[in-house]
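S.K.: Just structure_22.cif, nothing more (mmCIF, C-alpha atoms):
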data_data
#
loop_
_atom_site.group_PDB
_atom_site.id
_atom_site.type_symbol
_atom_site.label_atom_id
_atom_site.label_comp_id
_atom_site.auth_asym_id
_atom_site.auth_seq_id
_atom_site.Cartn_x
_atom_site.Cartn_y
_atom_site.Cartn_z
ATOM 1 C CA MET A 1 69.099 104.384 113.756
ATOM 2 C CA THR A 2 72.775 103.988 112.863
ATOM 3 C CA ARG A 3 74.807 107.190 113.001
ATOM 4 C CA SER A 4 78.035 108.318 111.452
ATOM 5 C CA MET A 5 80.637 109.729 113.829
ATOM 6 C CA THR A 6 81.108 112.677 111.464
ATOM 7 C CA GLY A 7 78.619 115.511 111.723
ATOM 8 C CA PHE A 8 77.850 119.182 112.386
ATOM 9 C CA GLY A 9 75.090 120.870 114.350
ATOM 10 C CA ARG A 10 74.190 124.427 115.312
ATOM 11 C CA ALA A 11 71.522 126.229 117.335
ATOM 12 C CA GLU A 12 71.011 129.659 118.866
ATOM 13 C CA ALA A 13 68.612 131.326 121.268
ATOM 14 C CA VAL A 14 67.955 135.075 121.455
ATOM 15 C CA ASN A 15 66.213 137.132 124.146
ATOM 16 C CA GLU A 16 66.356 140.723 125.367
ATOM 17 C CA ASN A 17 69.568 140.104 127.322
ATOM 18 C CA ARG A 18 71.735 137.909 125.087
ATOM 19 C CA LYS A 19 72.209 135.585 122.146
ATOM 20 C CA LEU A 20 73.525 132.127 122.956
ATOM 21 C CA THR A 21 75.030 130.063 120.146
ATOM 22 C CA VAL A 22 76.138 126.426 120.264
ATOM 23 C CA GLU A 23 78.040 124.758 117.422
ATOM 24 C CA MET A 24 79.149 121.124 117.357
ATOM 25 C CA LYS A 25 81.306 119.146 114.964
ATOM 26 C CA SER A 26 82.854 115.696 115.199
ATOM 27 C CA VAL A 27 85.196 113.192 113.574
ATOM 28 C CA ASN A 28 85.628 109.487 114.154
ATOM 29 C CA ASN A 29 87.396 108.297 117.278
ATOM 30 C CA ARG A 30 87.709 104.990 119.083
ATOM 31 C CA TYR A 31 86.197 106.447 122.254
ATOM 32 C CA LEU A 32 84.004 109.410 123.237
ATOM 33 C CA ASP A 33 86.064 112.584 123.611
ATOM 34 C CA PHE A 34 84.641 116.079 124.204
ATOM 35 C CA ASN A 35 86.482 119.345 123.653
ATOM 36 C CA ILE A 36 84.306 122.177 125.021
ATOM 37 C CA ARG A 37 85.083 125.863 124.513
ATOM 38 C CA MET A 38 82.870 128.436 126.221
ATOM 39 C CA PRO A 39 82.892 131.762 128.085
ATOM 40 C CA LYS A 40 84.345 131.585 131.579
ATOM 41 C CA LYS A 41 80.950 132.253 133.183
ATOM 42 C CA PHE A 42 79.681 128.856 131.943
ATOM 43 C CA ASN A 43 82.548 126.822 133.419
ATOM 44 C CA ARG A 44 80.371 125.994 136.417
ATOM 45 C CA PHE A 45 78.103 123.983 134.088
ATOM 46 C CA GLU A 46 80.806 121.872 132.438
ATOM 47 C CA ALA A 47 79.924 118.639 134.261
ATOM 48 C CA ALA A 48 76.221 119.105 133.454
ATOM 49 C CA ILE A 49 77.047 119.861 129.803
ATOM 50 C CA ARG A 50 79.114 116.684 129.488
ATOM 51 C CA ALA A 51 76.367 114.616 131.126
ATOM 52 C CA LEU A 52 73.772 116.005 128.700
ATOM 53 C CA LEU A 53 75.983 115.256 125.688
ATOM 54 C CA LYS A 54 76.776 111.702 126.845
ATOM 55 C CA GLU A 55 73.074 110.871 126.870
ATOM 56 C CA GLU A 56 72.903 111.488 123.116
ATOM 57 C CA ILE A 57 76.383 110.678 121.779
ATOM 58 C CA GLY A 58 78.102 107.303 122.054
ATOM 59 C CA ARG A 59 81.425 107.671 120.278
ATOM 60 C CA GLY A 60 83.563 110.198 118.400
ATOM 61 C CA LYS A 61 85.780 113.232 118.955
ATOM 62 C CA VAL A 62 83.307 116.073 119.452
ATOM 63 C CA ASP A 63 84.186 119.782 119.491
ATOM 64 C CA VAL A 64 81.589 121.995 121.178
ATOM 65 C CA PHE A 65 81.710 125.799 120.857
ATOM 66 C CA ILE A 66 79.478 127.930 123.103
ATOM 67 C CA SER A 67 79.398 131.695 122.578
ATOM 68 C CA GLU A 68 77.435 134.548 124.164
ATOM 69 C CA GLU A 69 76.616 137.982 122.786
ATOM 70 C CA ILE A 70 75.407 140.380 125.495
ATOM 71 C CA TYR A 71 72.620 142.827 124.591
ATOM 72 C CA ASN A 72 71.745 144.107 128.047
ATOM 73 C CA SER A 73 74.228 144.099 130.895
ATOM 74 C CA GLY A 74 71.389 144.341 133.412
ATOM 75 C CA SER A 75 72.211 145.815 136.803
ATOM 76 C CA GLY A 76 75.986 145.686 136.445
ATOM 77 C CA GLU A 77 77.911 148.387 138.311
ATOM 78 C CA LEU A 78 81.032 150.413 137.483
ATOM 79 C CA ALA A 79 83.957 150.300 139.930
ATOM 80 C CA VAL A 80 87.236 152.217 140.037
ATOM 81 C CA ASN A 81 90.595 150.559 140.632
ATOM 82 C CA MET A 82 92.058 153.443 142.654
ATOM 83 C CA GLU A 83 95.309 151.653 143.392
ATOM 84 C CA LEU A 84 96.001 151.205 139.682
ATOM 85 C CA ALA A 85 94.969 154.821 138.971
ATOM 86 C CA ARG A 86 97.513 156.057 141.567
ATOM 87 C CA GLU A 87 100.190 153.925 139.896
ATOM 88 C CA TYR A 88 99.455 155.570 136.546
ATOM 89 C CA MET A 89 99.676 159.027 138.251
ATOM 90 C CA ARG A 90 102.983 158.122 139.909
ATOM 91 C CA ALA A 91 104.434 156.828 136.652
ATOM 92 C CA ALA A 92 103.328 159.970 134.784
ATOM 93 C CA LYS A 93 104.921 162.194 137.442
ATOM 94 C CA GLU A 94 108.166 160.228 137.334
ATOM 95 C CA ILE A 95 108.335 160.529 133.535
ATOM 96 C CA SER A 96 107.507 164.267 133.697
ATOM 97 C CA GLU A 97 110.254 165.005 136.231
ATOM 98 C CA GLY A 98 112.758 162.749 134.513
ATOM 99 C CA LEU A 99 112.320 164.374 131.120
ATOM 100 C CA GLY A 100 111.792 167.879 132.436
ATOM 101 C CA VAL A 101 108.479 168.333 130.726
ATOM 102 C CA GLY A 102 105.073 169.292 132.003
ATOM 103 C CA ASN A 103 102.605 166.694 133.246
ATOM 104 C CA SER A 104 99.423 167.167 131.249
ATOM 105 C CA LEU A 105 97.735 163.973 132.456
ATOM 106 C CA THR A 106 94.038 164.512 133.237
ATOM 107 C CA VAL A 107 91.407 162.455 135.039
ATOM 108 C CA GLN A 108 89.807 161.657 131.692
ATOM 109 C CA ASP A 109 93.141 160.255 130.487
ATOM 110 C CA ILE A 110 93.469 158.029 133.527
ATOM 111 C CA MET A 111 89.913 156.739 133.108
ATOM 112 C CA ARG A 112 90.813 155.520 129.622
ATOM 113 C CA PHE A 113 93.781 153.489 130.818
ATOM 114 C CA PRO A 114 93.309 149.671 130.911
ATOM 115 C CA GLU A 115 91.498 148.240 133.932
ATOM 116 C CA VAL A 116 91.118 151.539 135.773
ATOM 117 C CA LEU A 117 87.351 151.311 135.293
ATOM 118 C CA ILE A 118 85.916 147.856 135.985
ATOM 119 C CA THR A 119 82.421 146.667 135.131
ATOM 120 C CA ARG A 120 81.109 144.227 137.700
ATOM 121 C CA GLU A 121 78.239 142.156 136.390
ATOM 122 C CA ALA A 122 75.376 141.447 138.714
ATOM 123 C CA GLU A 123 75.029 137.833 139.801
ATOM 124 C CA GLU A 124 72.653 135.921 137.520
ATOM 125 C CA ASP A 125 70.165 133.310 138.612
ATOM 126 C CA GLU A 126 72.160 130.104 138.129
ATOM 127 C CA GLU A 127 69.169 127.838 137.517
ATOM 128 C CA ALA A 128 67.648 130.208 134.942
ATOM 129 C CA LEU A 129 70.995 130.561 133.186
ATOM 130 C CA TRP A 130 71.447 126.775 133.015
ATOM 131 C CA ASN A 131 67.924 126.249 131.689
ATOM 132 C CA GLU A 132 68.614 128.798 128.970
ATOM 133 C CA LEU A 133 71.926 127.158 128.032
ATOM 134 C CA ALA A 134 70.552 123.593 128.230
ATOM 135 C CA GLY A 135 67.709 124.482 125.874
ATOM 136 C CA VAL A 136 69.968 125.726 123.075
ATOM 137 C CA LEU A 137 72.436 122.902 123.731
ATOM 138 C CA LYS A 138 69.713 120.285 123.221
ATOM 139 C CA GLU A 139 68.670 121.947 119.972
ATOM 140 C CA ALA A 140 72.268 121.850 118.764
ATOM 141 C CA VAL A 141 72.545 118.154 119.702
ATOM 142 C CA ASP A 142 69.332 117.387 117.779
ATOM 143 C CA SER A 143 70.719 119.168 114.710
ATOM 144 C CA PHE A 144 74.054 117.396 115.158
ATOM 145 C CA ASN A 145 72.453 113.953 115.445
ATOM 146 C CA ALA A 146 70.199 114.556 112.457
ATOM 147 C CA ALA A 147 73.272 115.224 110.321
ATOM 148 C CA ARG A 148 75.007 112.119 111.662
ATOM 149 C CA GLU A 149 71.946 109.949 111.034
ATOM 150 C CA ALA A 150 71.701 111.153 107.438
ATOM 151 C CA GLU A 151 75.363 110.345 106.874
ATOM 152 C CA GLY A 152 74.934 107.015 108.673
ATOM 153 C CA GLU A 153 72.056 106.089 106.364
ATOM 154 C CA ARG A 154 74.244 106.748 103.317
ATOM 155 C CA LEU A 155 77.033 104.621 104.805
ATOM 156 C CA ILE A 156 74.682 101.730 105.571
ATOM 157 C CA GLY A 157 73.294 101.828 102.036
ATOM 158 C CA ASP A 158 76.758 101.529 100.529
ATOM 159 C CA LEU A 159 77.860 98.854 103.007
ATOM 160 C CA THR A 160 74.717 96.808 102.349
ATOM 161 C CA GLU A 161 75.445 96.853 98.627
ATOM 162 C CA LYS A 162 78.980 95.576 99.253
ATOM 163 C CA LEU A 163 77.757 92.806 101.564
ATOM 164 C CA LEU A 164 75.201 91.598 99.026
ATOM 165 C CA GLY A 165 77.993 91.431 96.465
ATOM 166 C CA MET A 166 80.033 89.379 98.927
ATOM 167 C CA LYS A 167 77.113 86.979 99.366
ATOM 168 C CA GLU A 168 77.131 86.349 95.616
ATOM 169 C CA ASN A 169 80.866 85.631 95.714
ATOM 170 C CA VAL A 170 80.440 83.219 98.625
ATOM 171 C CA ALA A 171 77.688 81.415 96.698
ATOM 172 C CA PHE A 172 80.015 81.167 93.690
ATOM 173 C CA ILE A 173 82.747 79.556 95.806
ATOM 174 C CA LYS A 174 80.280 77.080 97.300
ATOM 175 C CA ALA A 175 79.005 76.073 93.870
ATOM 176 C CA HIS A 176 82.498 75.920 92.390
ATOM 177 C CA GLU A 177 83.944 73.859 95.220
ATOM 178 C CA THR A 178 82.267 70.598 94.154
ATOM 179 C CA GLU A 179 83.341 71.140 90.551
ATOM 180 C CA ILE A 180 86.980 71.656 91.619
ATOM 181 C CA TYR A 181 86.909 68.516 93.731
ATOM 182 C CA GLU A 182 85.362 66.357 90.997
ATOM 183 C CA ASN A 183 87.756 67.665 88.344
ATOM 184 C CA TYR A 184 90.719 66.922 90.557
ATOM 185 C CA ARG A 185 89.382 63.464 91.369
ATOM 186 C CA SER A 186 88.974 62.633 87.669
ATOM 187 C CA ARG A 187 92.437 63.920 86.784
ATOM 188 C CA LEU A 188 93.990 62.025 89.670
ATOM 189 C CA LEU A 189 92.232 58.796 88.700
ATOM 190 C CA GLU A 190 93.369 59.100 85.078
ATOM 191 C CA LYS A 191 96.945 59.755 86.205
ATOM 192 C CA VAL A 192 96.912 56.731 88.499
ATOM 193 C CA LYS A 193 95.594 54.490 85.709
ATOM 194 C CA GLU A 194 98.249 55.793 83.354
ATOM 195 C CA LEU A 195 101.032 55.078 85.815
ATOM 196 C CA THR A 196 99.773 51.663 86.866
ATOM 197 C CA ALA A 197 98.840 50.540 83.353
ATOM 198 C CA ASP A 198 96.999 47.202 83.661
ATOM 199 C CA ARG A 199 97.793 46.744 87.325
ATOM 200 C CA GLU A 200 95.018 46.930 89.858
ATOM 201 C CA VAL A 201 94.650 50.253 91.688
ATOM 202 C CA ASP A 202 94.595 50.193 95.474
ATOM 203 C CA GLU A 203 91.256 51.838 96.086
ATOM 204 C CA SER A 204 92.005 52.583 99.774
ATOM 205 C CA THR A 205 95.232 54.402 98.895
ATOM 206 C CA PHE A 206 93.457 56.325 96.174
ATOM 207 C CA ALA A 207 90.590 57.211 98.523
ATOM 208 C CA THR A 208 93.052 58.380 101.191
ATOM 209 C CA ALA A 209 94.775 60.681 98.681
ATOM 210 C CA ILE A 210 91.425 62.157 97.700
ATOM 211 C CA VAL A 211 90.446 62.750 101.361
ATOM 212 C CA VAL A 212 93.767 64.436 102.128
ATOM 213 C CA TYR A 213 93.377 66.756 99.142
ATOM 214 C CA ALA A 214 89.745 67.435 99.899
ATOM 215 C CA ASP A 215 90.690 68.545 103.403
ATOM 216 C CA LYS A 216 93.259 70.949 101.978
ATOM 217 C CA VAL A 217 90.967 72.557 99.423
ATOM 218 C CA CYS A 218 87.555 72.239 101.093
ATOM 219 C CA THR A 219 86.238 75.687 102.050
ATOM 220 C CA ASP A 220 82.716 74.779 103.132
ATOM 221 C CA GLU A 221 83.384 75.657 106.798
ATOM 222 C CA GLU A 222 84.894 79.010 105.835
ATOM 223 C CA THR A 223 82.076 79.893 103.437
ATOM 224 C CA VAL A 224 79.453 78.960 106.044
ATOM 225 C CA ARG A 225 81.123 81.144 108.677
ATOM 226 C CA LEU A 226 81.689 83.987 106.234
ATOM 227 C CA GLY A 227 78.049 83.837 105.141
ATOM 228 C CA SER A 228 76.984 83.886 108.788
ATOM 229 C CA HIS A 229 79.132 86.966 109.512
ATOM 230 C CA ILE A 230 77.627 88.757 106.519
ATOM 231 C CA GLU A 231 74.092 88.041 107.779
ATOM 232 C CA GLN A 232 75.046 89.190 111.297
ATOM 233 C CA MET A 233 76.327 92.475 109.922
ATOM 234 C CA LEU A 234 73.145 92.993 107.899
ATOM 235 C CA ASP A 235 71.128 92.272 111.069
ATOM 236 C CA GLU A 236 73.139 94.906 112.947
ATOM 237 C CA PHE A 237 72.281 97.429 110.222
ATOM 238 C CA ARG A 238 68.587 96.659 110.683
ATOM 239 C CA ASN A 239 68.806 96.889 114.486
ATOM 240 C CA GLY A 240 70.691 100.196 114.403
ATOM 241 C CA GLY A 241 72.061 101.995 117.435
ATOM 242 C CA SER A 242 75.706 102.188 118.492
ATOM 243 C CA ILE A 243 77.077 99.252 116.475
ATOM 244 C CA GLY A 244 80.523 100.427 115.352
ATOM 245 C CA ARG A 245 82.522 98.176 117.682
ATOM 246 C CA LYS A 246 80.435 95.090 116.764
ATOM 247 C CA LEU A 247 80.955 95.792 113.075
ATOM 248 C CA ASP A 248 84.687 96.141 113.612
ATOM 249 C CA PHE A 249 84.818 92.709 115.268
ATOM 250 C CA LEU A 250 82.731 91.093 112.502
ATOM 251 C CA THR A 251 85.006 92.599 109.862
ATOM 252 C CA GLN A 252 88.041 91.023 111.522
ATOM 253 C CA GLU A 253 86.300 87.640 111.503
ATOM 254 C CA MET A 254 85.297 87.988 107.846
ATOM 255 C CA ASN A 255 88.854 88.870 106.910
ATOM 256 C CA ARG A 256 90.115 85.743 108.672
ATOM 257 C CA GLU A 257 87.742 83.491 106.706
ATOM 258 C CA ALA A 258 88.582 85.210 103.409
ATOM 259 C CA ASN A 259 92.302 84.681 104.034
ATOM 260 C CA THR A 260 91.735 80.958 104.577
ATOM 261 C CA ILE A 261 89.580 80.663 101.453
ATOM 262 C CA LEU A 262 92.289 82.380 99.421
ATOM 263 C CA SER A 263 94.998 80.103 100.797
ATOM 264 C CA LYS A 264 92.932 77.015 99.856
ATOM 265 C CA ALA A 265 91.968 78.246 96.390
ATOM 266 C CA GLY A 266 92.636 75.452 93.905
ATOM 267 C CA ASP A 267 91.981 77.324 90.685
ATOM 268 C CA LEU A 268 92.207 80.798 89.161
ATOM 269 C CA ALA A 269 88.468 81.515 89.391
ATOM 270 C CA THR A 270 88.339 80.841 93.144
ATOM 271 C CA SER A 271 91.520 82.877 93.677
ATOM 272 C CA ASN A 272 90.000 85.839 91.852
ATOM 273 C CA VAL A 273 86.819 85.650 93.900
ATOM 274 C CA GLY A 274 88.864 85.341 97.098
ATOM 275 C CA ILE A 275 90.789 88.486 96.177
ATOM 276 C CA SER A 276 87.509 90.266 95.457
ATOM 277 C CA LEU A 277 86.223 89.252 98.915
ATOM 278 C CA LYS A 278 89.381 90.600 100.558
ATOM 279 C CA THR A 279 89.059 93.887 98.644
ATOM 280 C CA ASP A 280 85.424 94.366 99.681
ATOM 281 C CA ILE A 281 86.182 93.529 103.320
ATOM 282 C CA GLU A 282 88.952 96.130 103.390
ATOM 283 C CA LYS A 283 86.579 98.755 101.957
ATOM 284 C CA ILE A 284 83.991 97.826 104.587
ATOM 285 C CA ARG A 285 86.602 98.020 107.333
ATOM 286 C CA GLU A 286 87.527 101.558 106.305
ATOM 287 C CA GLN A 287 83.919 102.730 106.150
ATOM 288 C CA ILE A 288 82.806 101.332 109.491
ATOM 289 C CA GLN A 289 85.501 103.400 111.196
ATOM 290 C CA ASN A 290 83.031 106.284 110.758
ATOM 291 C CA ILE A 291 80.080 104.474 112.355
ATOM 292 C CA GLU A 292 79.242 105.231 115.982
#
Is it possible to express this structure as structure tokens?

M.R.:
Amino acid sequence: MTRSMTGFGRAEAVNENRKLTVEMKSVNNRYLDFNIRMPKKFNRFEAAIRALLKEEIGRGKVDVFISEEIYNSGSGELAVNMELAREYMRAAKEISEGLGVGNSLTVQDIMRFPEVLITREAEEDEEALWNELAGVLKEAVDSFNAAREAEGERLIGDLTEKLLGMKENVAFIKAHETEIYENYRSRLLEKVKELTADREVDESTFATAIVVYADKVCTDEETVRLGSHIEQMLDEFRNGGSIGRKLDFLTQEMNREANTILSKAGDLATSNVGISLKTDIEKIREQIQNIE
């Protein structure tokens, strides 16, 4: 299934020790780019996290936020930073003597000072911790991809409608091309007869002039190629998957053919249709920038 590069996903897991939450959001990007924010304790898993995400995401700028809320600190132990406590005592004594006031600092006061008491968490089982994190991460990715697939489906629906409209315009140009050629041929023949009066017309010269003009205004090659590119793009929609780069290339090719058709346009109707083709191609180009 075709996915948009824009999406949001969220999942959380709760047990007696903690709540883990993973949130993901993304915008379009030429390549795959992860920005992962998480508690320091999960840094050891960064490579594994990136590998897991790469299996499910092909392109886009993806922000991943991992948070942890501790319910039970387990067998953590309390430690005292005696060196820092002595520094606080020394500073208090120095201030007391310098100002000539009494030192009323108590042990309870020192214990409340920053980093005097340190909580050391017990080492967790690394494999169990990763399994817990990987589980909620996969759920978040599933939610994220579901949102991107829904948006991708809407994009494909709109793009398909535009391509079908382009097919109608290509068919119009094909049908109109013969009419333009025949009208020009008739006008040219009448003009030649008018200028030459009763003199005989050199058929070979006249035929050469017609061929030269036909080469300048004939768009059958361009319409065939443009029609083929439209069908290829529709096929890519049906195949799905990571097709953004292919669509970008096809859009460039369609734009090239539309430019040539417009430059060869021999009447107002063809020019208007050529402009319409260019407008639709530009709209398609903008929209496929959001497809993975």

S.K.: Applying 6 Å and all atoms listed in the file, which residues near stretch 224-241 of chain A remain after dropping the ones on its own chain fewer than 6 positions away? List them as a ChimeraX atom specification.

M.R.: /A:1-2,254

S.K.: Which residue, A:Leu137, A:Leu84, A:Ala146, A:Leu105, has the smallest gap to A:Val64 when you use all atoms listed in the file?

M.R.: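 Selected residue with least distance to A:Val64: A:Leu137.
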
S.K.: Nearest to A:Leu32 among A:Glu190, A:Glu132, A:Glu46, A:Glu56, with distances taken over only C-alpha atoms: which residue is it?

M.R.: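 For A:Leu32, the nearest of the given residues is A:Glu56.
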
S.K.: Report as a ChimeraX atom specification the residues that result from applying the PyMOL selection byres ((chain A and resi 28) around 12) to the structure here.

M.R.: /A:3-7,25-27,29-33,58-63,148,244,286-292

S.K.: When the PyMOL selection byres ((chain A and resi 81) around 9) is applied to the structure above, which residues does it catch, written out as number ranges by chain?

M.R.: A: 79-80, 82-86, 115-118

S.K.: Mind giving me the straight-line distance from atom CA of A:Lys41 to atom CA of A:Gly9 in Å, one decimal?

M.R.: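 If I compute the distance from atom CA of A:Lys41 to atom CA of A:Gly9, I get 22.8 Å.
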
S.K.: I need the output of the PyMOL selection byres ((chain A and resi 92) around 12) for this file as a CSV table (one decimal) with C-alpha atoms, in the coordinates of the input; which residues are they?

M.R.:
chain,number,residue,atom,x,y,z
A,85,ALA,CA,95.0,154.8,139.0
A,86,ARG,CA,97.5,156.1,141.6
A,87,GLU,CA,100.2,153.9,139.9
A,88,TYR,CA,99.5,155.6,136.5
A,89,MET,CA,99.7,159.0,138.3
A,90,ARG,CA,103.0,158.1,139.9
A,91,ALA,CA,104.4,156.8,136.7
A,93,LYS,CA,104.9,162.2,137.4
A,94,GLU,CA,108.2,160.2,137.3
A,95,ILE,CA,108.3,160.5,133.5
A,96,SER,CA,107.5,164.3,133.7
A,97,GLU,CA,110.3,165.0,136.2
A,98,GLY,CA,112.8,162.7,134.5
A,99,LEU,CA,112.3,164.4,131.1
A,100,GLY,CA,111.8,167.9,132.4
A,101,VAL,CA,108.5,168.3,130.7
A,102,GLY,CA,105.1,169.3,132.0
A,103,ASN,CA,102.6,166.7,133.2
A,104,SER,CA,99.4,167.2,131.2
A,105,LEU,CA,97.7,164.0,132.5
A,106,THR,CA,94.0,164.5,133.2
A,109,ASP,CA,93.1,160.3,130.5
A,110,ILE,CA,93.5,158.0,133.5

S.K.: Restricting the calculation to all atoms listed in the file, which member of A:Ala11, A:Ala140, A:Ile275, A:Val170 is positioned closest to A:Ser263?

M.R.: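 Closest candidate: A:Ile275.
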
S.K.: Put the listed atoms of stretch 256-264 of chain A in a box along x, y and z with 6 Å added on every side and give me the centre and edge lengths in Å to one decimal, as AutoDock Vina command-line options.

M.R.:
--center_x 91.4 --center_y 81.4 --center_z 104.0 --size_x 19.3 --size_y 20.7 --size_z 21.3

S.K.: By how many Å are atom CA of A:Glu55 and atom CA of A:Glu139 apart?

M.R.: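 Straight-line distance from atom CA of A:Glu55 to atom CA of A:Glu139 works out to 13.8 Å.
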
S.K.: Could you check how far atom CA of A:Ala269 sits from atom CA of A:Thr178, in Å to one decimal?

M.R.: 13.4 Å

S.K.: When you count all atoms listed in the file, which of these residues is closest to A:Ile281: A:Lys167, A:Lys138, A:Arg154, A:Lys264?

M.R.: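 Looking at the shortest contact to A:Ile281, the residue is A:Lys167.
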
S.K.: Here is a test: counting all atoms listed in the file, which residue of A:Phe172, A:Leu250, A:Val107, A:Lys54 is nearest to A:Phe34?

M.R.: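 Smallest distance to A:Phe34 is found for A:Lys54.
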
S.K.: Using only C-alpha atoms, which of the listed residues (A:Val14, A:Arg112, A:Ile284, A:Ala134) sits closest to A:Phe42?

M.R.: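 For A:Phe42, the nearest of the candidates is A:Ala134.
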
S.K.: Kindly provide, as a VMD selection string, the polymer residues lying within 9 Å of (86.1, 77.0, 102.5), counting all atoms listed in the file and using the coordinates exactly as they appear in the file.

M.R.: chain A and resid 173 to 174 177 217 to 225 257 to 258 260 to 262 264 to 265
